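The structure file run09.cif is reproduced below (mmCIF, C-alpha atoms).
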```cif
data_my_file
#
loop_
_atom_site.label_atom_id
_atom_site.label_comp_id
_atom_site.auth_asym_id
_atom_site.auth_seq_id
_atom_site.Cartn_x
_atom_site.Cartn_y
_atom_site.Cartn_z
CA MET Q 152 17.34 30.60 81.21
CA ILE Q 153 19.78 27.98 82.48
CA PHE Q 154 17.05 25.33 82.42
CA ARG Q 155 16.08 26.45 78.95
CA GLU Q 156 19.66 26.04 77.75
CA VAL Q 157 19.90 22.60 79.32
CA GLU Q 158 16.67 21.54 77.69
CA ASP Q 159 17.76 22.92 74.34
CA ARG Q 160 20.97 20.95 74.70
CA ASP Q 161 19.00 17.77 75.37
CA LEU Q 162 16.78 18.38 72.38
CA ILE Q 163 19.80 19.03 70.18
CA ALA Q 164 21.40 15.78 71.35
CA LYS Q 165 18.21 13.85 70.58
CA ALA Q 166 17.78 15.57 67.22
CA ARG Q 167 21.36 14.63 66.32
CA GLN Q 168 20.37 11.00 66.83
CA GLY Q 169 17.52 11.39 64.35
CA ASP Q 170 14.73 12.27 66.76
CA VAL Q 171 12.53 14.46 64.56
CA GLU Q 172 10.07 15.20 67.35
CA ALA Q 173 12.85 16.64 69.50
CA TYR Q 174 13.85 18.91 66.65
CA ASN Q 175 10.24 19.96 66.07
CA LEU Q 176 10.09 21.02 69.71
CA LEU Q 177 13.28 23.01 69.23
CA VAL Q 178 11.74 24.67 66.16
CA SER Q 179 8.61 25.60 68.09
CA ARG Q 180 10.80 27.32 70.71
CA TRP Q 181 12.74 29.42 68.25
CA GLU Q 182 10.47 29.93 65.24
CA LYS Q 183 8.84 33.14 66.52
CA ARG Q 184 12.15 34.85 67.27
CA ILE Q 185 13.67 33.79 63.98
CA PHE Q 186 10.57 34.83 62.04
CA ASN Q 187 10.42 38.29 63.63
CA TYR Q 188 14.13 38.88 63.11
CA LEU Q 189 13.76 37.94 59.46
CA LEU Q 190 10.52 39.89 59.07
CA ARG Q 191 12.19 43.12 60.21
CA LEU Q 192 15.21 42.38 58.09
CA VAL Q 193 13.58 41.53 54.76
CA SER Q 194 10.30 43.47 55.36
CA ASN Q 195 8.13 40.82 53.75
CA ARG Q 196 6.05 38.24 55.60
CA GLU Q 197 6.09 35.52 52.97
CA ASP Q 198 9.81 35.89 52.40
CA ALA Q 199 10.39 35.88 56.17
CA LEU Q 200 8.37 32.71 56.51
CA ASP Q 201 10.14 30.99 53.61
CA ILE Q 202 13.55 31.92 54.98
CA SER Q 203 12.52 30.77 58.45
CA GLN Q 204 11.61 27.40 56.99
CA GLU Q 205 14.87 27.22 55.09
CA THR Q 206 16.81 28.26 58.18
CA PHE Q 207 15.44 25.41 60.30
CA LEU Q 208 15.91 22.96 57.47
CA LYS Q 209 19.57 23.89 57.05
CA ALA Q 210 20.07 23.94 60.79
CA TYR Q 211 18.89 20.34 61.04
CA GLN Q 212 20.93 19.23 58.09
CA ASN Q 213 24.03 20.70 59.71
CA LEU Q 214 23.21 19.98 63.33
CA ARG Q 215 26.10 17.53 63.61
CA LYS Q 216 28.49 20.35 62.69
CA LEU Q 217 27.43 22.43 65.70
CA ASP Q 218 30.46 22.15 67.98
CA ASP Q 219 28.96 23.67 71.11
CA PRO Q 220 25.21 23.15 71.68
CA ALA Q 221 25.28 26.05 74.17
CA ARG Q 222 25.92 28.32 71.16
CA PHE Q 223 22.84 27.05 69.34
CA SER Q 224 21.01 30.40 69.26
CA ALA Q 225 23.94 32.33 67.77
CA TRP Q 226 24.54 29.50 65.30
CA LEU Q 227 20.84 29.47 64.30
CA PHE Q 228 20.77 33.24 63.79
CA ARG Q 229 23.94 32.95 61.75
CA ILE Q 230 22.13 30.60 59.37
CA ALA Q 231 19.10 32.93 59.28
CA HIS Q 232 21.42 35.88 58.57
CA ASN Q 233 23.05 34.04 55.66
CA GLU Q 234 19.70 33.05 54.20
CA ALA Q 235 18.30 36.57 54.56
CA PHE Q 236 21.28 38.26 52.96
CA SER Q 237 21.26 35.72 50.16
CA LEU Q 238 17.72 36.87 49.39
CA LEU Q 239 18.54 40.56 49.87
CA ARG Q 240 21.43 40.30 47.40
CA ARG Q 241 19.13 38.74 44.80
CA ARG Q 242 16.59 41.49 45.47
CA LYS Q 243 19.11 44.35 45.41
CA PRO Q 244 18.34 46.03 42.05
CA GLU Q 245 14.63 46.18 42.88
CA SER Q 246 15.06 47.54 46.40
CA GLU Q 247 17.50 50.20 45.27
CA LEU Q 248 14.73 51.70 43.18
CA SER Q 249 12.46 52.01 46.19
CA GLU Q 250 14.89 53.24 48.82
CA PRO Q 251 12.88 54.30 51.87
CA ARG Q 252 13.04 57.91 52.92
CA PRO Q 253 12.71 59.29 56.43
CA ARG Q 254 9.14 60.25 57.24
CA ASP Q 255 8.02 63.19 59.25
CA PHE Q 256 6.45 61.97 62.50
CA GLY Q 257 5.38 65.39 63.70
CA GLY Q 258 3.27 65.64 66.80
CA ARG Q 259 2.57 63.17 69.60
CA LEU Q 260 1.64 59.67 68.45
CA LEU Q 261 -0.62 56.99 69.82
CA PRO Q 262 1.11 53.71 70.77
CA ILE Q 263 0.07 52.02 67.52
CA GLU Q 264 1.27 55.02 65.53
CA LEU Q 265 4.53 55.01 67.45
CA SER Q 266 4.93 51.35 66.64
CA LEU Q 267 4.40 52.11 62.95
CA ALA Q 268 6.87 54.99 63.24
CA VAL Q 269 9.51 52.63 64.65
CA GLU Q 270 8.81 50.12 61.89
CA SER Q 271 9.22 52.83 59.32
CA ALA Q 272 12.35 54.21 61.01
CA LEU Q 273 13.98 50.79 60.95
CA LYS Q 274 13.52 50.71 57.17
CA VAL Q 275 15.51 53.91 56.88
CA LEU Q 276 18.58 52.10 58.20
CA SER Q 277 20.92 50.16 55.95
CA GLU Q 278 20.49 46.39 56.07
CA ASP Q 279 23.66 46.01 58.13
CA GLN Q 280 22.61 48.68 60.63
CA ARG Q 281 19.08 47.32 60.86
CA GLU Q 282 20.37 43.84 61.49
CA ALA Q 283 22.64 45.08 64.27
CA VAL Q 284 19.63 46.76 65.93
CA LEU Q 285 17.47 43.65 65.52
CA LEU Q 286 20.06 41.36 67.06
CA LYS Q 287 20.82 43.66 69.96
CA VAL Q 288 17.59 45.45 70.81
CA TYR Q 289 15.03 42.80 69.85
CA GLN Q 290 16.95 39.54 70.28
CA GLY Q 291 19.17 40.56 73.20
CA PHE Q 292 22.48 39.18 71.92
CA LYS Q 293 25.74 40.37 73.42
CA PHE Q 294 28.31 42.16 71.27
CA ASP Q 295 30.53 39.07 71.06
CA GLU Q 296 27.60 36.89 70.02
CA MET Q 297 26.64 39.41 67.35
CA ALA Q 298 30.23 39.38 66.11
CA GLU Q 299 29.98 35.59 65.84
CA ILE Q 300 26.65 35.70 64.00
CA LEU Q 301 27.72 38.40 61.59
CA GLU Q 302 31.32 37.18 61.32
CA ILE Q 303 32.71 40.65 61.90
CA PRO Q 304 34.85 42.18 64.69
CA VAL Q 305 33.14 43.46 67.85
CA SER Q 306 34.36 46.97 66.98
CA THR Q 307 32.43 46.82 63.69
CA VAL Q 308 29.36 45.56 65.52
CA LYS Q 309 29.51 48.54 67.87
CA SER Q 310 30.13 50.96 65.02
CA ARG Q 311 27.09 49.74 63.07
CA LEU Q 312 24.88 49.69 66.13
CA TYR Q 313 25.89 53.12 67.39
CA THR Q 314 25.36 54.70 63.98
CA ALA Q 315 21.98 53.00 63.76
CA LEU Q 316 20.94 54.29 67.20
CA ASP Q 317 21.91 57.84 66.27
CA LEU Q 318 19.86 57.59 63.08
CA LEU Q 319 16.88 56.11 64.91
CA LYS Q 320 17.04 58.78 67.55
CA ALA Q 321 17.05 61.48 64.91
CA THR Q 322 14.27 59.84 62.89
CA LEU Q 323 12.03 59.21 65.86
CA ALA Q 324 12.73 62.49 67.61
CA PRO Q 325 9.68 64.30 66.22
CA ALA Q 326 7.46 61.46 67.41
CA VAL Q 327 8.93 60.92 70.85
CA PHE Q 328 10.02 64.41 71.85
CA ARG Q 329 7.42 67.12 72.23
CA LYS Q 330 8.03 70.48 70.67
CA ASP Q 331 8.26 72.04 74.12
CA GLY Q 332 11.34 69.93 74.83
CA GLY Q 333 9.57 67.27 76.92
CA MET Q 334 9.28 63.62 76.08
CA ALA Q 335 6.18 62.04 74.64
CA LEU Q 336 6.85 58.66 76.25
CA MET Y 266 26.93 72.86 79.41
CA SER Y 267 29.34 70.21 78.19
CA CYS Y 268 30.66 67.10 79.96
CA LYS Y 269 33.92 67.78 81.75
CA LEU Y 270 35.17 64.29 80.87
CA GLU Y 271 34.89 65.11 77.13
CA ASP Y 272 36.46 62.16 75.26
CA ARG Y 273 36.62 60.08 78.44
CA ARG Y 274 32.89 60.28 79.08
CA PRO Y 275 31.12 56.96 79.65
CA ASP Y 276 29.95 54.92 76.68
CA TRP Y 277 26.27 55.64 77.21
CA LYS Y 278 25.11 53.46 74.32
CA SER Y 279 26.88 50.46 75.81
CA TYR Y 280 25.44 51.42 79.20
CA ALA Y 281 21.88 51.68 77.83
CA LEU Y 282 22.31 48.39 75.98
CA GLY Y 283 23.56 46.59 79.09
CA GLU Y 284 27.06 45.89 77.82
CA LEU Y 285 29.11 47.60 80.55
CA ASP Y 286 30.67 45.52 83.29
CA ALA Y 287 29.74 46.21 86.93
CA ARG Y 288 32.65 48.56 87.64
CA ALA Y 289 32.22 50.67 84.48
CA ARG Y 290 28.52 50.80 85.14
CA GLN Y 291 29.04 52.09 88.68
CA GLU Y 292 31.47 54.76 87.48
CA ALA Y 293 29.05 55.87 84.79
CA GLU Y 294 26.18 56.14 87.26
CA SER Y 295 28.32 58.18 89.65
CA HIS Y 296 29.22 60.53 86.83
CA VAL Y 297 25.78 60.98 85.35
CA ALA Y 298 24.33 62.02 88.69
CA ALA Y 299 26.34 65.24 88.44
CA CYS Y 300 26.54 65.76 84.65
CA ALA Y 301 23.55 67.36 82.93
CA ASP Y 302 25.03 66.79 79.47
CA CYS Y 303 25.33 63.05 80.06
CA GLN Y 304 21.86 63.01 81.64
CA ASP Y 305 20.45 64.44 78.42
CA GLU Y 306 22.33 61.95 76.26
CA LEU Y 307 21.23 58.98 78.39
CA ALA Y 308 17.61 60.20 78.50
CA GLY Y 309 17.55 60.54 74.70
CA LEU Y 310 18.85 57.02 74.31
CA ARG Y 311 16.35 55.59 76.75
CA VAL Y 312 13.44 57.29 75.04
CA THR Y 313 14.56 55.98 71.68
CA LEU Y 314 14.93 52.44 73.05
CA ASP Y 315 11.55 52.70 74.81
CA ALA Y 316 9.98 53.78 71.54
CA MET Y 317 11.57 50.80 69.80
CA ALA Y 318 10.15 48.51 72.47
CA THR Y 319 6.64 49.42 71.28
CA LEU Y 320 7.28 47.31 68.20
CA ARG Y 321 5.72 44.00 69.20
CA GLU Y 322 6.67 40.58 67.97
CA GLU Y 323 4.34 39.25 65.33
CA GLU Y 324 2.82 35.81 65.37
CA LEU Y 325 3.78 33.45 62.59
CA PRO Y 326 1.15 33.29 59.84
CA ARG Y 327 1.56 29.52 60.04
CA ARG Y 328 3.74 27.16 62.01
CA ILE Y 329 7.05 26.08 60.51
CA ALA Y 330 6.34 22.75 58.90
CA PHE Y 331 9.21 20.44 59.56
CA VAL Y 332 9.02 17.12 57.81
CA SER Y 333 11.59 14.40 58.16
CA ASP Y 334 13.77 13.74 55.19
CA LYS Y 335 16.18 10.96 54.36
CA VAL Y 336 19.13 13.13 55.22
CA PHE Y 337 17.74 13.44 58.73
CA GLU Y 338 17.47 9.71 59.23
CA PRO Y 339 19.95 8.21 61.67
CA ARG Y 340 22.98 6.60 60.16
CA TRP Y 341 23.03 2.84 59.66
CA TYR Y 342 25.14 2.16 62.73
CA GLN Y 343 22.90 4.38 64.84
CA LYS Y 344 19.86 2.45 63.68
CA ILE Y 345 21.53 -0.84 64.59
CA ALA Y 346 22.58 0.53 67.97
CA GLN Y 347 19.08 1.80 68.67
CA ALA Y 348 17.51 -1.48 67.58
CA PHE Y 349 19.78 -3.54 69.78
CA LEU Y 350 18.95 -1.37 72.77
CA ARG Y 351 15.42 -2.75 72.62
CA PRO Y 352 15.11 -6.35 73.95
CA SER Y 353 12.40 -7.45 71.52
CA PHE Y 354 14.31 -6.15 68.51
CA ALA Y 355 17.50 -7.61 69.86
CA ALA Y 356 15.87 -11.03 70.21
CA ALA Y 357 14.39 -10.78 66.72
CA GLY Y 358 17.76 -9.72 65.36
CA LEU Y 359 19.55 -12.62 66.99
CA ILE Y 360 17.03 -15.10 65.62
CA ALA Y 361 17.33 -13.59 62.15
CA ALA Y 362 21.13 -13.76 62.41
CA ALA Y 363 20.97 -17.39 63.52
CA ILE Y 364 18.75 -18.27 60.56
CA LEU Y 365 21.08 -16.53 58.15
CA ILE Y 366 24.16 -18.22 59.61
CA HIS Y 367 22.43 -21.58 59.46
CA ALA Y 368 21.51 -20.95 55.83
CA PHE Y 369 25.09 -20.11 54.88
CA VAL Y 370 26.78 -22.97 56.76
CA ARG Y 371 24.48 -25.72 55.48
CA PRO Y 372 26.08 -28.63 53.52
CA VAL Y 373 26.95 -28.07 49.87
CA SER Y 374 24.34 -30.62 48.80
CA ALA Y 375 21.64 -28.26 49.95
CA PRO Y 376 20.05 -26.33 47.11
CA ASN Y 377 21.56 -22.96 46.50
CA ASN Y 378 18.27 -21.40 45.80
CA ILE Y 379 17.16 -20.02 49.16
CA ALA Y 380 13.72 -19.32 47.81
CA ALA Y 381 13.35 -23.00 46.93
CA GLN Y 382 14.42 -23.92 50.44
CA VAL Y 383 11.68 -21.94 51.94
CA ASP Y 384 9.02 -23.13 49.49
CA THR Y 385 6.47 -24.01 52.13
CA ARG Y 386 4.09 -25.70 49.71
CA ALA Y 387 6.76 -28.10 48.49
CA ILE Y 388 7.86 -28.77 52.04
CA GLU Y 389 4.28 -29.33 53.11
CA SER Y 390 3.54 -31.76 50.28
CA ARG Y 391 6.78 -33.62 50.94
CA VAL Y 392 6.04 -33.89 54.63
CA THR Y 393 2.46 -34.98 53.94
CA ALA Y 394 3.62 -37.66 51.52
CA GLU Y 395 6.27 -38.90 53.91
CA VAL Y 396 3.89 -38.98 56.85
CA THR Y 397 1.22 -40.72 54.79
CA ALA Y 398 3.67 -43.35 53.54
CA ARG Y 399 5.04 -43.99 56.99
CA LEU Y 400 1.56 -44.15 58.43
CA GLN Y 401 0.43 -46.61 55.80
CA ASN Y 402 3.48 -48.81 56.36
CA GLU Y 403 3.08 -48.76 60.10
CA MET Y 404 -0.62 -49.45 59.84
CA ALA Y 405 0.00 -52.33 57.45
CA ALA Y 406 2.64 -53.78 59.74
CA ALA Y 407 0.37 -53.44 62.74
CA VAL Y 408 -2.54 -55.09 60.92
CA ASN Y 409 -0.28 -57.87 59.67
CA THR Y 410 1.05 -58.51 63.17
CA ALA Y 411 -2.42 -58.48 64.64
CA VAL Y 412 -3.78 -60.86 61.96
CA THR Y 413 -0.83 -63.19 62.33
CA LYS Y 414 -1.24 -63.21 66.07
CA ALA Y 415 -4.99 -63.79 65.77
CA VAL Y 416 -4.51 -66.61 63.26
CA ALA Y 417 -1.90 -68.21 65.45
CA GLU Y 418 -4.17 -68.05 68.48
CA THR Y 419 -7.07 -69.42 66.49
CA GLU Y 420 -4.95 -72.27 65.12
CA LYS Y 421 -3.72 -73.02 68.62
CA ARG Y 422 -7.24 -73.08 69.94
CA ASP Y 423 -8.38 -75.28 67.02
CA ASP Y 424 -5.51 -77.71 67.56
CA HIS Y 425 -6.35 -78.00 71.20
CA ARG Y 426 -9.98 -78.51 70.43
CA THR Y 427 -9.16 -81.09 67.74
CA ALA Y 428 -6.90 -82.93 70.14
CA LEU Y 429 -9.64 -83.02 72.75
CA LEU Y 430 -12.19 -84.18 70.20
CA LEU Y 431 -9.80 -86.84 68.92
CA SER Y 432 -9.05 -88.04 72.38
CA ALA Y 433 -12.74 -88.21 73.24
CA SER Y 434 -13.48 -90.00 69.99
CA GLU Y 435 -10.72 -92.52 70.64
CA ARG Y 436 -12.09 -93.19 74.10
CA ARG Y 437 -15.59 -93.59 72.74
CA TYR Y 438 -14.28 -95.89 69.92
CA SER Y 439 -12.36 -97.98 72.45
CA ASP Y 440 -15.39 -98.25 74.74
CA ALA Y 441 -17.60 -99.19 71.77
CA ALA Y 442 -15.07 -101.78 70.62
CA ASP Y 443 -14.88 -103.31 74.07
CA PHE Y 444 -18.65 -103.43 74.30
CA LEU Y 445 -18.92 -104.98 70.87
CA ASN Y 446 -16.24 -107.52 71.61
CA LYS Y 447 -17.98 -108.55 74.81
CA GLN Y 448 -21.29 -108.95 73.03
CA VAL Y 449 -19.71 -111.01 70.25
CA THR Y 450 -18.07 -113.27 72.83
CA ARG Y 451 -21.36 -113.72 74.66
CA ILE Y 452 -23.30 -114.49 71.50
CA TYR Y 453 -20.70 -117.04 70.46
CA ALA Y 454 -20.88 -118.68 73.88
CA LEU Y 455 -24.63 -118.94 73.73
CA ASN Y 456 -24.44 -120.50 70.33
CA THR Y 457 -21.88 -123.15 71.28
CA GLY Y 458 -23.22 -123.82 74.75
CA ALA Y 459 -19.85 -123.75 76.06
CA GLY Y 460 -19.71 -122.28 79.39
CA VAL Y 461 -23.29 -121.20 79.06
CA ARG Y 462 -26.07 -123.00 80.92
#
```

Please, can you express the file's structure as structure tokens?
Amino acid sequence: MIFREVEDRDLIAKARQGDVEAYNLLVSRWEKRIFNYLLRLVSNREDALDISQETFLKAYQNLRKLDDPARFSAWLFRIAHNEAFSLLRRRKPESELSEPRPRDFGGRLLPIELSLAVESALKVLSEDQREAVLLKVYQGFKFDEMAEILEIPVSTVKSRLYTALDLLKATLAPAVFRKDGGMAL
Amino acid sequence: MSCKLEDRRPDWKSYALGELDARARQEAESHVAACADCQDELAGLRVTLDAMATLREEELPRRIAFVSDKVFEPRWYQKIAQAFLRPSFAAAGLIAAAILIHAFVRPVSAPNNIAAQVDTRAIESRVTAEVTARLQNEMAAAVNTAVTKAVAETEKRDDHRTALLLSASERRYSDAADFLNKQVTRIYALNTGAGVR
């Protein structure tokens, strides 16, 4: 991880001097994470891909404004967050009409079904809660990094995340806990 | 059964998410070993997180296409700095600078039109004409010198030859005159009998 950070720092330094190839390498390192974060957040592949593209474009345009290259990942996710929520705000009236409802995952599920159940359960969360789960559980950011990305206090980060975990636990309970009280996993 | 710590029970969500420091983590683990309520809470969290881990990352439908744009180009001073870091570009730059400086510090009589100055065809024709003229002049001078020298040598040789011929002719004339004079004197003596017997 240390080597990775050092290499990222080198690539950022080169990209700041106009080295497009260095930036392309940086993109190839982060594009999958950014795409998956956005995919779970906006729930649309094409939108996720477009926003990913826009995220890396804006990141390069503003690369000189990045004060600390060691904070590149949080800074990049901050841009992705802004782009995603810009889209979600434009989409709001439409999505409000099709608000997802919790589904009944009764009985023990196969791994693929469990995966679909999780995907569906994530959609039950509010955008803010879902994003907190994505950043913590799937991207592994620390609370302080999440606070930086979301521009909110750490206490708010924890509040959103804890509420989300309670909701997920309740939603997934029928799928992961057997009726006899045991665990399906 | 409820946890005896009640409101002071460990923050199991932070624990499960790896956010507790080493000391808090150790205290939590000591507590959970003897607390069934906390064991249940932690187990529920772990199962939920394990279930969430079944959601795999998806591959990108296509790679992010990143194309350079003008705004990404290095700034003018960066370009200059990069160019001068390369010896060949540095040399080329210095030569170009020298040419430009030379062009700007040339005498006022020089034409202002730089394009005219670098009109290679005009320069070529002027050089050709100048070279041709100089060549013709030098050739003419050389020919003239050679002819003059040759004429002079010829004249010298002719004069010498003429002098020799004249000298030989004079000797032959003198010899012939002597012979004739002797014959005339002899004939006269024979005719007068004087001295002749």

Review point. Residues picked by the PyMOL selection byres ((chain Q) within 6 of (chain Y)) here, as number ranges by chain?
Key: Q: 168-169, 204, 266, 269, 320

**Study point:** Contacts of Leu176 in chain Q within 10 Å, all atoms listed in the file, excl. fewer than 5 positions in-chain, as a VMD selection string
**Key:** chain Q and resid 159 162 to 163 166 171 181 to 182

Point to revise | Point-to-point distance from CA of Ser179 in chain Q to CA of Ala231 in chain Q, Å rounded to tenths | key: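 Value for the CA of Ser179 in chain Q-CA of Ala231 in chain Q distance: 15.5 Å.
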
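When only C-alpha atoms are used to measure the gap to Asn195 in chain Q, the shortest distance among Q:Ala235, Q:Ala268, Q:Leu227, Q:Leu208 belongs to Q:Ala235.
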
Check your understanding: How many Å lie between CA of Ala361 in chain Y and CA of Arg386 in chain Y, rounded to one decimal?
Key -> 21.8 Å

Practice item. Just say which residues the PyMOL selection byres ((chain Q and resi 311) around 10) picks in this file, as a list of chain:residue names. Key: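 Taken over the shown coordinates, the PyMOL selection byres ((chain Q and resi 311) around 10) returns Q:Ser277, Q:Asp279, Q:Gln280, Q:Arg281, Q:Glu282, Q:Ala283, Q:Val284, Q:Val305, Q:Ser306, Q:Thr307, Q:Val308, Q:Lys309, Q:Ser310, Q:Leu312, Q:Tyr313, Q:Thr314, Q:Ala315, Q:Leu316.
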
Writing out the chosen residues with C-alpha atoms as an mmCIF file, in the frame of the given file:
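File written: part-v3.cif
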```cif
data_model
loop_
_atom_site.group_PDB
_atom_site.id
_atom_site.type_symbol
_atom_site.label_atom_id
_atom_site.label_comp_id
_atom_site.auth_asym_id
_atom_site.auth_seq_id
_atom_site.Cartn_x
_atom_site.Cartn_y
_atom_site.Cartn_z
ATOM 1 C CA SER Q 277 20.920 50.160 55.950
ATOM 2 C CA ASP Q 279 23.660 46.010 58.130
ATOM 3 C CA GLN Q 280 22.610 48.680 60.630
ATOM 4 C CA ARG Q 281 19.080 47.320 60.860
ATOM 5 C CA GLU Q 282 20.370 43.840 61.490
ATOM 6 C CA ALA Q 283 22.640 45.080 64.270
ATOM 7 C CA VAL Q 284 19.630 46.760 65.930
ATOM 8 C CA VAL Q 305 33.140 43.460 67.850
ATOM 9 C CA SER Q 306 34.360 46.970 66.980
ATOM 10 C CA THR Q 307 32.430 46.820 63.690
ATOM 11 C CA VAL Q 308 29.360 45.560 65.520
ATOM 12 C CA LYS Q 309 29.510 48.540 67.870
ATOM 13 C CA SER Q 310 30.130 50.960 65.020
ATOM 14 C CA LEU Q 312 24.880 49.690 66.130
ATOM 15 C CA TYR Q 313 25.890 53.120 67.390
ATOM 16 C CA THR Q 314 25.360 54.700 63.980
ATOM 17 C CA ALA Q 315 21.980 53.000 63.760
ATOM 18 C CA LEU Q 316 20.940 54.290 67.200
#
```

Practice item. Name the residues that the PyMOL selection byres ((chain Y and resi 292-297) around 9) pulls out of this structure, and write them as a ChimeraX atom specification. Key: /Y:274-277,280,287-291,298-304,307

Residues from last step as file, C-alpha atoms, as a PDB file, in the frame of the given file:
```pdb
ATOM      1  CA  ARG Y 274      32.890  60.280  79.080  1.00  0.00           C
ATOM      2  CA  PRO Y 275      31.120  56.960  79.650  1.00  0.00           C
ATOM      3  CA  ASP Y 276      29.950  54.920  76.680  1.00  0.00           C
ATOM      4  CA  TRP Y 277      26.270  55.640  77.210  1.00  0.00           C
ATOM      5  CA  TYR Y 280      25.440  51.420  79.200  1.00  0.00           C
ATOM      6  CA  ALA Y 287      29.740  46.210  86.930  1.00  0.00           C
ATOM      7  CA  ARG Y 288      32.650  48.560  87.640  1.00  0.00           C
ATOM      8  CA  ALA Y 289      32.220  50.670  84.480  1.00  0.00           C
ATOM      9  CA  ARG Y 290      28.520  50.800  85.140  1.00  0.00           C
ATOM     10  CA  GLN Y 291      29.040  52.090  88.680  1.00  0.00           C
ATOM     11  CA  ALA Y 298      24.330  62.020  88.690  1.00  0.00           C
ATOM     12  CA  ALA Y 299      26.340  65.240  88.440  1.00  0.00           C
ATOM     13  CA  CYS Y 300      26.540  65.760  84.650  1.00  0.00           C
ATOM     14  CA  ALA Y 301      23.550  67.360  82.930  1.00  0.00           C
ATOM     15  CA  ASP Y 302      25.030  66.790  79.470  1.00  0.00           C
ATOM     16  CA  CYS Y 303      25.330  63.050  80.060  1.00  0.00           C
ATOM     17  CA  GLN Y 304      21.860  63.010  81.640  1.00  0.00           C
ATOM     18  CA  LEU Y 307      21.230  58.980  78.390  1.00  0.00           C
TER      19      LEU Y 307
END
```

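Going from CA of Arg215 in chain Q to CA of Tyr289 in chain Q covers 28.3 Å.
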
Written-out range 181-197 of chain Q (N, CA and C atoms) as a PDB file, in the first residue's frame:
```pdb
ATOM      1  N   TRP Q 181      -7.605   3.483 -10.792  1.00  0.00           N
ATOM      2  CA  TRP Q 181      -8.739   3.884  -9.955  1.00  0.00           C
ATOM      3  C   TRP Q 181     -10.099   3.745 -10.615  1.00  0.00           C
ATOM      4  N   GLU Q 182     -10.133   3.509 -11.929  1.00  0.00           N
ATOM      5  CA  GLU Q 182     -11.399   3.551 -12.654  1.00  0.00           C
ATOM      6  C   GLU Q 182     -12.397   2.500 -12.155  1.00  0.00           C
ATOM      7  N   LYS Q 183     -11.916   1.305 -11.797  1.00  0.00           N
ATOM      8  CA  LYS Q 183     -12.843   0.253 -11.373  1.00  0.00           C
ATOM      9  C   LYS Q 183     -13.506   0.604 -10.038  1.00  0.00           C
ATOM     10  N   ARG Q 184     -12.715   1.118  -9.123  1.00  0.00           N
ATOM     11  CA  ARG Q 184     -13.269   1.497  -7.816  1.00  0.00           C
ATOM     12  C   ARG Q 184     -14.271   2.633  -7.953  1.00  0.00           C
ATOM     13  N   ILE Q 185     -13.877   3.630  -8.750  1.00  0.00           N
ATOM     14  CA  ILE Q 185     -14.769   4.785  -8.929  1.00  0.00           C
ATOM     15  C   ILE Q 185     -16.055   4.347  -9.623  1.00  0.00           C
ATOM     16  N   PHE Q 186     -15.917   3.516 -10.646  1.00  0.00           N
ATOM     17  CA  PHE Q 186     -17.095   3.055 -11.392  1.00  0.00           C
ATOM     18  C   PHE Q 186     -18.054   2.277 -10.492  1.00  0.00           C
ATOM     19  N   ASN Q 187     -17.519   1.365  -9.687  1.00  0.00           N
ATOM     20  CA  ASN Q 187     -18.385   0.562  -8.818  1.00  0.00           C
ATOM     21  C   ASN Q 187     -19.053   1.393  -7.733  1.00  0.00           C
ATOM     22  N   TYR Q 188     -18.313   2.344  -7.201  1.00  0.00           N
ATOM     23  CA  TYR Q 188     -18.905   3.264  -6.203  1.00  0.00           C
ATOM     24  C   TYR Q 188     -20.068   4.024  -6.835  1.00  0.00           C
ATOM     25  N   LEU Q 189     -19.833   4.536  -8.035  1.00  0.00           N
ATOM     26  CA  LEU Q 189     -20.876   5.308  -8.715  1.00  0.00           C
ATOM     27  C   LEU Q 189     -22.033   4.414  -9.168  1.00  0.00           C
ATOM     28  N   LEU Q 190     -21.700   3.202  -9.583  1.00  0.00           N
ATOM     29  CA  LEU Q 190     -22.741   2.266 -10.035  1.00  0.00           C
ATOM     30  C   LEU Q 190     -23.728   1.967  -8.907  1.00  0.00           C
ATOM     31  N   ARG Q 191     -23.187   1.712  -7.699  1.00  0.00           N
ATOM     32  CA  ARG Q 191     -24.067   1.432  -6.558  1.00  0.00           C
ATOM     33  C   ARG Q 191     -24.824   2.677  -6.109  1.00  0.00           C
ATOM     34  N   LEU Q 192     -24.221   3.815  -6.369  1.00  0.00           N
ATOM     35  CA  LEU Q 192     -24.844   5.065  -5.913  1.00  0.00           C
ATOM     36  C   LEU Q 192     -25.967   5.516  -6.842  1.00  0.00           C
ATOM     37  N   VAL Q 193     -25.732   5.455  -8.143  1.00  0.00           N
ATOM     38  CA  VAL Q 193     -26.744   5.975  -9.086  1.00  0.00           C
ATOM     39  C   VAL Q 193     -27.575   4.848  -9.707  1.00  0.00           C
ATOM     40  N   SER Q 194     -27.142   3.584  -9.503  1.00  0.00           N
ATOM     41  CA  SER Q 194     -27.902   2.398  -9.959  1.00  0.00           C
ATOM     42  C   SER Q 194     -28.167   2.388 -11.465  1.00  0.00           C
ATOM     43  N   ASN Q 195     -27.195   2.883 -12.223  1.00  0.00           N
ATOM     44  CA  ASN Q 195     -27.353   2.854 -13.679  1.00  0.00           C
ATOM     45  C   ASN Q 195     -25.957   2.790 -14.302  1.00  0.00           C
ATOM     46  N   ARG Q 196     -25.739   1.766 -15.119  1.00  0.00           N
ATOM     47  CA  ARG Q 196     -24.382   1.549 -15.649  1.00  0.00           C
ATOM     48  C   ARG Q 196     -23.910   2.680 -16.541  1.00  0.00           C
ATOM     49  N   GLU Q 197     -24.769   3.115 -17.448  1.00  0.00           N
ATOM     50  CA  GLU Q 197     -24.354   4.174 -18.380  1.00  0.00           C
ATOM     51  C   GLU Q 197     -24.069   5.482 -17.642  1.00  0.00           C
TER      52      GLU Q 197
END
```
